[in-house]
Amino acid sequence: MKEIQSVDELQGKEVLVVGSGISGIGAVEALCHVGAKPVLFDANDKLEQEEIRAKLPQGVQAQIVLGELPVEIAEAVCLVVLSPGVPTDTAFVEAFHTRGTPVWGEIELAYRIGRGRVIGITGTNGKTTTTTLVGEIMAAYCNDVDVVGNIGNPYTQTALDSTEDTVTVAEISSFQLETIEKFRPEVSAILNITPDHLNRHHTMENYAAAKEAVAVNQTKEETCVLNYENSYTKDFGDRCPARVVWFSSARKLEEGYYLDGDDICRAKDGEVVRLMDIHEMNLVGICNVENVMAAIAITQAMGVPMETILSVVRQFRAVEHRIEYVATKRGVEYYNDSKGTNPDAAIQGIRAMSRPTVLIGGGYDKQSDYDEWIEAFDHKVKCLVLIGQTRDKIAECARKHGVENIILADTFEEAFEICVGQAKSGDAVLLSPACASWGMFPNYEVRGKLFKELVNRLEDAE
């Protein structure tokens with residue numbers, strides 16, 4: 001395979017961009033900027049070329065191919081840039097590897113183009129909250145900060161305008177990490193690794209390896225922040241090429257950040273400093289305590305003064321759709337955890353509840369197991385309302401664990417009405433599905449927004 005050392009080598013050459021979504025459009029724009037000739041390909045032949053062309057920024061040109069990629073184009077391109085939704089183990093992608101054509105993702109392309117300092121954050125759960133918080137902390141200390149990646153803002157678009165003074169905070173998914181080559185953040189973080197996306201990665205070993213790739217190019221001069229209480233990240237700490245900084249929500253550490261009672265502490269060189277009481281935060285749940293500790297460790301490693309870090313943490317509010325308090329109606333608290341798209345994330349959602357809870361679960365089947373999620377109910381769930389493709393599978397699992405009040409709904413609106421009828425003053429209603437939204441919704445954001453709309457339509461009293 002001919003390795004590309006610099007994006008300058010792409011000037012005047014054809015580059016294939018696979019996928020016409022937001023990531024693909026960003027890649028096309030970036031490639032045009034460096035003088036390449038992008039060919040935008042999407043296997044969906046039901047798309048319209050003019051609709052795709054309308055997405056391109058003014059002045060950005062690309063050849064658009066839909067349906068099937070002609071062999072002459074496949075043989076002519078010098079690089080393939082995959083959108084994260086395209087699996088890397090398909091015959092289509094393998095054919096480029098066989099030809100010796102380099103295959104990058106949008107993250108690799110943006111990193112090659114961009115300048116400045118980079119933070120890379122991954123993990124099964126907590127990425128968005130931690131990335132957003134790190135972005136706000138860095139913005140309180142630096143003048144030029146971009147928050148990009150899986151959070152919804154293509155890295156390629158901001159990389160074009162970056163300078164040596166830019167700090168890029170990137171939330172990076174396992175899909176995006178499959179296609180990195182030289183990506184090397186100054187500070188990386190793996191918040192946790194638990195079963196997810198096994199329909200894509202097939203095994204936990206593959207999934208964990210993809211997550212670990214965020215640090216693969218780092219050296220001991222860089223930092224990797226890891227969770228001491230997660231078996232996968234704990235194991236990776238022994239192999240990590242970077243300097244490891246640990247955080248723990250369950251034990252005191254000789255070095256690192258940990259929770260002691262209600263206090264977040266930092267242990268370094270034999271000295272322990274109590275940083276803050278967790279009740280000073282506006283976030284709920286032990287998962288968010290871990291997110292905050294990770295954010296403190298990341299930004300401290302980037303040189304931000306602790307006073308600045310803690311000031312931002314105290315003001316920070318929950319990210320939308322992640323254990324997000326919506327409203328109290330008729331004495332019932334409503335929480336939107338639509339971003340709980342896998343069982344481990346949903347475990348954090350139910351653990352954060354301090355009231356008897358009516359829970360909406362179910363959705364698209366990512367081949368997950370639900371036993372640990374059900375076990376985490378710990379008698380808090382007074383009624384389990386299930387929707388989507390997984391509803392029967394989850395219901396069977398819940399009954400096996402002694403959950404009896406289970407109601408199946410055909411639509412999301414029906415599920416919500418059932419929750420309203422089941423919940424009494426002093427209870428909570430929690431949307432934390434443990435499943436992806438696909439099949440009923442285009443994404444978890446749309447699912448969460450509908451939940452909030454339905455909550456806000458409720459009268460406060462009879």
# chains A, B, ... in the order shown; residues from 1 in each chain; ligands from 1
>>> residues_around(residues="Tyr364 (chain A)", least_positions_apart="6", cutoff="9 Å", atoms="only C-alpha atoms", output="MDAnalysis selection string")
chainID A and resid 388:390 435:440
>>> write_last_selection(atoms="N, CA, C and O atoms", output="compact mmCIF listing (two decimals), in the first residue's frame")
# COMPACT_ATOMS: atom_id res chain seq x y z
N GLY A 388 -40.76 -1.01 20.16
CA GLY A 388 -39.76 -1.30 19.15
C GLY A 388 -39.45 -2.77 18.93
O GLY A 388 -40.08 -3.68 19.49
N GLN A 389 -38.43 -3.01 18.13
CA GLN A 389 -38.03 -4.34 17.69
C GLN A 389 -37.65 -5.26 18.85
O GLN A 389 -37.84 -6.47 18.78
N THR A 390 -37.12 -4.68 19.93
CA THR A 390 -36.60 -5.50 21.03
C THR A 390 -37.60 -5.72 22.16
O THR A 390 -37.25 -6.33 23.17
N CYS A 435 -31.48 0.89 23.82
CA CYS A 435 -31.47 0.48 22.41
C CYS A 435 -31.35 1.70 21.51
O CYS A 435 -31.75 2.81 21.90
N ALA A 436 -30.86 1.49 20.31
CA ALA A 436 -30.83 2.56 19.32
C ALA A 436 -32.26 2.89 18.90
O ALA A 436 -33.20 2.13 19.14
N SER A 437 -32.42 4.05 18.27
CA SER A 437 -33.74 4.55 17.91
C SER A 437 -34.21 4.09 16.53
O SER A 437 -35.37 4.24 16.17
N TRP A 438 -33.28 3.53 15.73
CA TRP A 438 -33.58 3.21 14.34
C TRP A 438 -34.78 2.28 14.23
O TRP A 438 -34.99 1.41 15.05
N GLY A 439 -35.54 2.49 13.18
CA GLY A 439 -36.76 1.71 12.99
C GLY A 439 -37.98 2.51 13.36
O GLY A 439 -39.01 2.44 12.69
N MET A 440 -37.87 3.31 14.45
CA MET A 440 -38.96 4.20 14.86
C MET A 440 -38.59 5.66 14.66
O MET A 440 -39.45 6.50 14.40
>>> residues_around(residues="Lys252 (chain A)", least_positions_apart="2", cutoff="12 Å", atoms="only C-alpha atoms", output="PyMOL selection string")
chain A and resi 228-229+246-250+254-261+263-268+272+274
>>> select_by_dssp(residues="region 271-406 of chain A", states="alpha helix (DSSP H)", output="PyMOL selection string")
chain A and resi 286-301+306-315+343-351+371-375+391-400
>>> residues_around(residues="Ala27 (chain A)", least_positions_apart="4", cutoff="9 Å", atoms="only C-alpha atoms", output="PyMOL selection string")
chain A and resi 17+22-23+31-32+38+81+83+105-106+109-110+154-157
>>> write_last_selection(atoms="N, CA, C and O atoms", output="tab-separated table (two decimals), in the first residue's frame")
chain	number	residue	atom	x	y	z
A	17	VAL	N	-14.83	9.68	-1.87
A	17	VAL	CA	-15.49	9.88	-0.59
A	17	VAL	C	-16.73	9.00	-0.58
A	17	VAL	O	-17.61	9.13	-1.44
A	22	ILE	N	-23.40	14.07	6.48
A	22	ILE	CA	-22.70	15.25	6.94
A	22	ILE	C	-21.18	15.04	6.95
A	22	ILE	O	-20.41	15.95	6.63
A	23	SER	N	-20.74	13.83	7.28
A	23	SER	CA	-19.32	13.52	7.30
A	23	SER	C	-18.74	13.53	5.88
A	23	SER	O	-17.66	14.08	5.65
A	31	LEU	N	-11.27	18.21	0.96
A	31	LEU	CA	-10.45	17.76	-0.16
A	31	LEU	C	-10.33	18.82	-1.24
A	31	LEU	O	-9.25	19.01	-1.82
A	32	CYS	N	-11.43	19.50	-1.52
A	32	CYS	CA	-11.37	20.61	-2.49
A	32	CYS	C	-10.39	21.68	-2.01
A	32	CYS	O	-9.63	22.25	-2.80
A	38	PRO	N	-12.45	15.45	-5.60
A	38	PRO	CA	-13.27	14.45	-4.91
A	38	PRO	C	-14.35	13.83	-5.80
A	38	PRO	O	-14.97	14.51	-6.62
A	81	VAL	N	-11.92	7.91	1.35
A	81	VAL	CA	-12.31	8.47	2.64
A	81	VAL	C	-13.69	7.93	2.99
A	81	VAL	O	-14.68	8.24	2.31
A	83	SER	N	-17.08	7.38	5.27
A	83	SER	CA	-17.93	7.92	6.32
A	83	SER	C	-18.05	6.86	7.41
A	83	SER	O	-17.96	5.65	7.12
A	105	GLY	N	-10.64	7.60	7.32
A	105	GLY	CA	-11.94	8.14	7.71
A	105	GLY	C	-11.84	9.66	7.77
A	105	GLY	O	-10.76	10.24	7.57
A	106	GLU	N	-12.96	10.28	8.07
A	106	GLU	CA	-12.99	11.75	8.13
A	106	GLU	C	-12.05	12.28	9.21
A	106	GLU	O	-11.42	13.33	9.05
A	109	LEU	N	-8.45	12.38	7.85
A	109	LEU	CA	-8.32	13.46	6.87
A	109	LEU	C	-8.24	14.82	7.56
A	109	LEU	O	-7.37	15.64	7.24
A	110	ALA	N	-9.14	15.04	8.51
A	110	ALA	CA	-9.17	16.33	9.22
A	110	ALA	C	-7.88	16.54	10.02
A	110	ALA	O	-7.33	17.65	10.04
A	154	PRO	N	-18.68	18.15	11.98
A	154	PRO	CA	-17.59	17.46	11.27
A	154	PRO	C	-16.23	18.11	11.54
A	154	PRO	O	-16.07	19.32	11.41
A	155	TYR	N	-15.27	17.29	11.88
A	155	TYR	CA	-13.91	17.74	12.16
A	155	TYR	C	-13.31	18.39	10.91
A	155	TYR	O	-12.56	19.38	11.00
A	156	THR	N	-13.65	17.86	9.74
A	156	THR	CA	-13.07	18.39	8.50
A	156	THR	C	-13.42	19.86	8.29
A	156	THR	O	-12.62	20.62	7.74
A	157	GLN	N	-14.60	20.27	8.70
A	157	GLN	CA	-15.01	21.66	8.46
A	157	GLN	C	-14.24	22.65	9.33
A	157	GLN	O	-13.87	23.74	8.88
>>> residues_around(residues="Thr124 (chain A)", least_positions_apart="4", cutoff="9 Å", atoms="only C-alpha atoms", output="MDAnalysis selection string")
chainID A and resid 173:174 190:196 211 342 344:345
>>> residues_around(residues="Glu51 (chain A)", least_positions_apart="4", cutoff="12 Å", atoms="only C-alpha atoms", output="PyMOL selection string")
chain A and resi 20-21+46-47+55-56+64
>>> write_last_selection(atoms="N, CA, C and O atoms", output="PDB file, in the first residue's frame")
ATOM      1  N   SER A  20     -22.766  10.140   1.589  1.00  0.00           N
ATOM      2  CA  SER A  20     -23.130  11.530   1.271  1.00  0.00           C
ATOM      3  C   SER A  20     -23.776  12.264   2.440  1.00  0.00           C
ATOM      4  O   SER A  20     -24.451  13.271   2.255  1.00  0.00           O
ATOM      5  N   GLY A  21     -23.578  11.737   3.659  1.00  0.00           N
ATOM      6  CA  GLY A  21     -24.100  12.418   4.845  1.00  0.00           C
ATOM      7  C   GLY A  21     -23.215  13.584   5.244  1.00  0.00           C
ATOM      8  O   GLY A  21     -22.337  14.027   4.491  1.00  0.00           O
ATOM      9  N   LYS A  46     -31.381   5.516  -4.815  1.00  0.00           N
ATOM     10  CA  LYS A  46     -32.653   6.250  -4.749  1.00  0.00           C
ATOM     11  C   LYS A  46     -32.426   7.738  -4.440  1.00  0.00           C
ATOM     12  O   LYS A  46     -33.351   8.540  -4.493  1.00  0.00           O
ATOM     13  N   LEU A  47     -31.209   8.094  -4.109  1.00  0.00           N
ATOM     14  CA  LEU A  47     -30.888   9.500  -3.864  1.00  0.00           C
ATOM     15  C   LEU A  47     -30.851  10.268  -5.175  1.00  0.00           C
ATOM     16  O   LEU A  47     -30.656   9.692  -6.250  1.00  0.00           O
ATOM     17  N   LYS A  55     -26.233  20.175  -1.004  1.00  0.00           N
ATOM     18  CA  LYS A  55     -25.622  20.164   0.327  1.00  0.00           C
ATOM     19  C   LYS A  55     -24.209  20.730   0.320  1.00  0.00           C
ATOM     20  O   LYS A  55     -23.688  21.138   1.354  1.00  0.00           O
ATOM     21  N   LEU A  56     -23.573  20.698  -0.859  1.00  0.00           N
ATOM     22  CA  LEU A  56     -22.181  21.131  -0.930  1.00  0.00           C
ATOM     23  C   LEU A  56     -22.074  22.643  -0.744  1.00  0.00           C
ATOM     24  O   LEU A  56     -22.897  23.395  -1.283  1.00  0.00           O
ATOM     25  N   ILE A  64     -20.364  13.209  -8.636  1.00  0.00           N
ATOM     26  CA  ILE A  64     -21.265  12.431  -7.782  1.00  0.00           C
ATOM     27  C   ILE A  64     -21.654  11.146  -8.494  1.00  0.00           C
ATOM     28  O   ILE A  64     -22.093  11.172  -9.653  1.00  0.00           O
TER      29      ILE A  64
END
>>> atom_distance(atom1="CA of Arg330 (chain A)", atom2="CA of Ser425 (chain A)")
6.1 Å
>>> select_by_dssp(residues="region 274-412 of chain A", states="strand (DSSP E)", output="PyMOL selection string")
chain A and resi 274-277+324-329+332-336+357-361+381-386+406-408
>>> atom_distance(atom1="CA of Asp337 (chain A)", atom2="CA of Gly349 (chain A)")
6.6 Å
>>> atom_distance(atom1="CA of Leu454 (chain A)", atom2="CA of Glu414 (chain A)")
10.9 Å
>>> residues_around(residues="Val455 (chain A)", least_positions_apart="3", cutoff="10 Å", atoms="only C-alpha atoms", output="number ranges by chain")
A: 326-329, 333-336, 416, 420, 429, 449-452, 458-459
>>> closest_residue(among="A:Gly100, A:Gly19, A:Gly426, A:Gly26", to="Asp42 (chain A)", atoms="only C-alpha atoms")
A:Gly19
>>> closest_residue(among="A:Gly126, A:Gly135, A:Gly237, A:Pro185", to="Val313 (chain A)", atoms="only C-alpha atoms")
A:Gly135
>>> residues_around(residues="Ile113 (chain A)", least_positions_apart="5", cutoff="9 Å", atoms="only C-alpha atoms", output="mmCIF file with all heavy atoms, in the first residue's frame")
data_model
loop_
_atom_site.group_PDB
_atom_site.id
_atom_site.type_symbol
_atom_site.label_atom_id
_atom_site.label_comp_id
_atom_site.auth_asym_id
_atom_site.auth_seq_id
_atom_site.Cartn_x
_atom_site.Cartn_y
_atom_site.Cartn_z
ATOM 1 N N SER A 6 1.571 13.328 3.189
ATOM 2 C CA SER A 6 1.036 14.675 3.370
ATOM 3 C C SER A 6 -0.160 14.876 2.453
ATOM 4 O O SER A 6 -0.208 14.309 1.345
ATOM 5 C CB SER A 6 2.118 15.712 3.046
ATOM 6 O OG SER A 6 1.565 17.004 2.903
ATOM 7 N N VAL A 7 -1.113 15.703 2.899
ATOM 8 C CA VAL A 7 -2.277 15.987 2.051
ATOM 9 C C VAL A 7 -1.871 16.763 0.807
ATOM 10 O O VAL A 7 -2.632 16.821 -0.168
ATOM 11 C CB VAL A 7 -3.358 16.771 2.838
ATOM 12 C CG1 VAL A 7 -4.024 15.892 3.867
ATOM 13 C CG2 VAL A 7 -2.785 18.031 3.455
ATOM 14 N N ALA A 30 -13.182 19.591 2.462
ATOM 15 C CA ALA A 30 -11.777 19.597 2.873
ATOM 16 C C ALA A 30 -10.861 19.197 1.719
ATOM 17 O O ALA A 30 -9.790 19.786 1.525
ATOM 18 C CB ALA A 30 -11.583 18.664 4.062
ATOM 19 N N VAL A 34 -7.686 21.332 -0.366
ATOM 20 C CA VAL A 34 -6.276 20.968 -0.558
ATOM 21 C C VAL A 34 -5.965 20.655 -2.026
ATOM 22 O O VAL A 34 -4.878 20.172 -2.338
ATOM 23 C CB VAL A 34 -5.868 19.772 0.332
ATOM 24 C CG1 VAL A 34 -6.040 20.129 1.802
ATOM 25 C CG2 VAL A 34 -6.671 18.510 -0.009
ATOM 26 N N GLU A 108 -9.141 11.056 10.251
ATOM 27 C CA GLU A 108 -7.756 11.044 9.758
ATOM 28 C C GLU A 108 -7.520 12.180 8.770
ATOM 29 O O GLU A 108 -6.496 12.885 8.835
ATOM 30 C CB GLU A 108 -7.446 9.702 9.105
ATOM 31 C CG GLU A 108 -6.029 9.566 8.583
ATOM 32 C CD GLU A 108 -4.985 9.499 9.681
ATOM 33 O OE1 GLU A 108 -5.328 9.172 10.845
ATOM 34 O OE2 GLU A 108 -3.798 9.785 9.379
ATOM 35 N N THR A 156 -13.646 17.863 9.741
ATOM 36 C CA THR A 156 -13.073 18.390 8.505
ATOM 37 C C THR A 156 -13.416 19.863 8.286
ATOM 38 O O THR A 156 -12.618 20.615 7.738
ATOM 39 C CB THR A 156 -13.568 17.582 7.291
ATOM 40 O OG1 THR A 156 -14.954 17.286 7.453
ATOM 41 C CG2 THR A 156 -12.800 16.283 7.143
ATOM 42 N N ALA A 159 -11.229 21.956 10.704
ATOM 43 C CA ALA A 159 -9.795 21.793 10.451
ATOM 44 C C ALA A 159 -9.296 22.802 9.426
ATOM 45 O O ALA A 159 -8.157 23.271 9.500
ATOM 46 C CB ALA A 159 -9.517 20.365 9.967
ATOM 47 N N LEU A 160 -10.159 23.159 8.482
ATOM 48 C CA LEU A 160 -9.766 24.092 7.428
ATOM 49 C C LEU A 160 -9.379 25.463 7.986
ATOM 50 O O LEU A 160 -8.523 26.146 7.433
ATOM 51 C CB LEU A 160 -10.908 24.256 6.419
ATOM 52 C CG LEU A 160 -11.292 23.001 5.628
ATOM 53 C CD1 LEU A 160 -12.534 23.260 4.802
ATOM 54 C CD2 LEU A 160 -10.137 22.542 4.748
ATOM 55 N N SER A 162 -8.349 26.016 11.216
ATOM 56 C CA SER A 162 -7.549 25.919 12.433
ATOM 57 C C SER A 162 -6.179 26.574 12.253
ATOM 58 O O SER A 162 -5.651 26.675 11.140
ATOM 59 C CB SER A 162 -7.385 24.455 12.847
ATOM 60 O OG SER A 162 -6.706 23.723 11.840
#
>>> closest_residue(among="A:Ile25, A:Ile374, A:Leu431, A:Ile350", to="Ile387 (chain A)", atoms="only C-alpha atoms")
A:Leu431
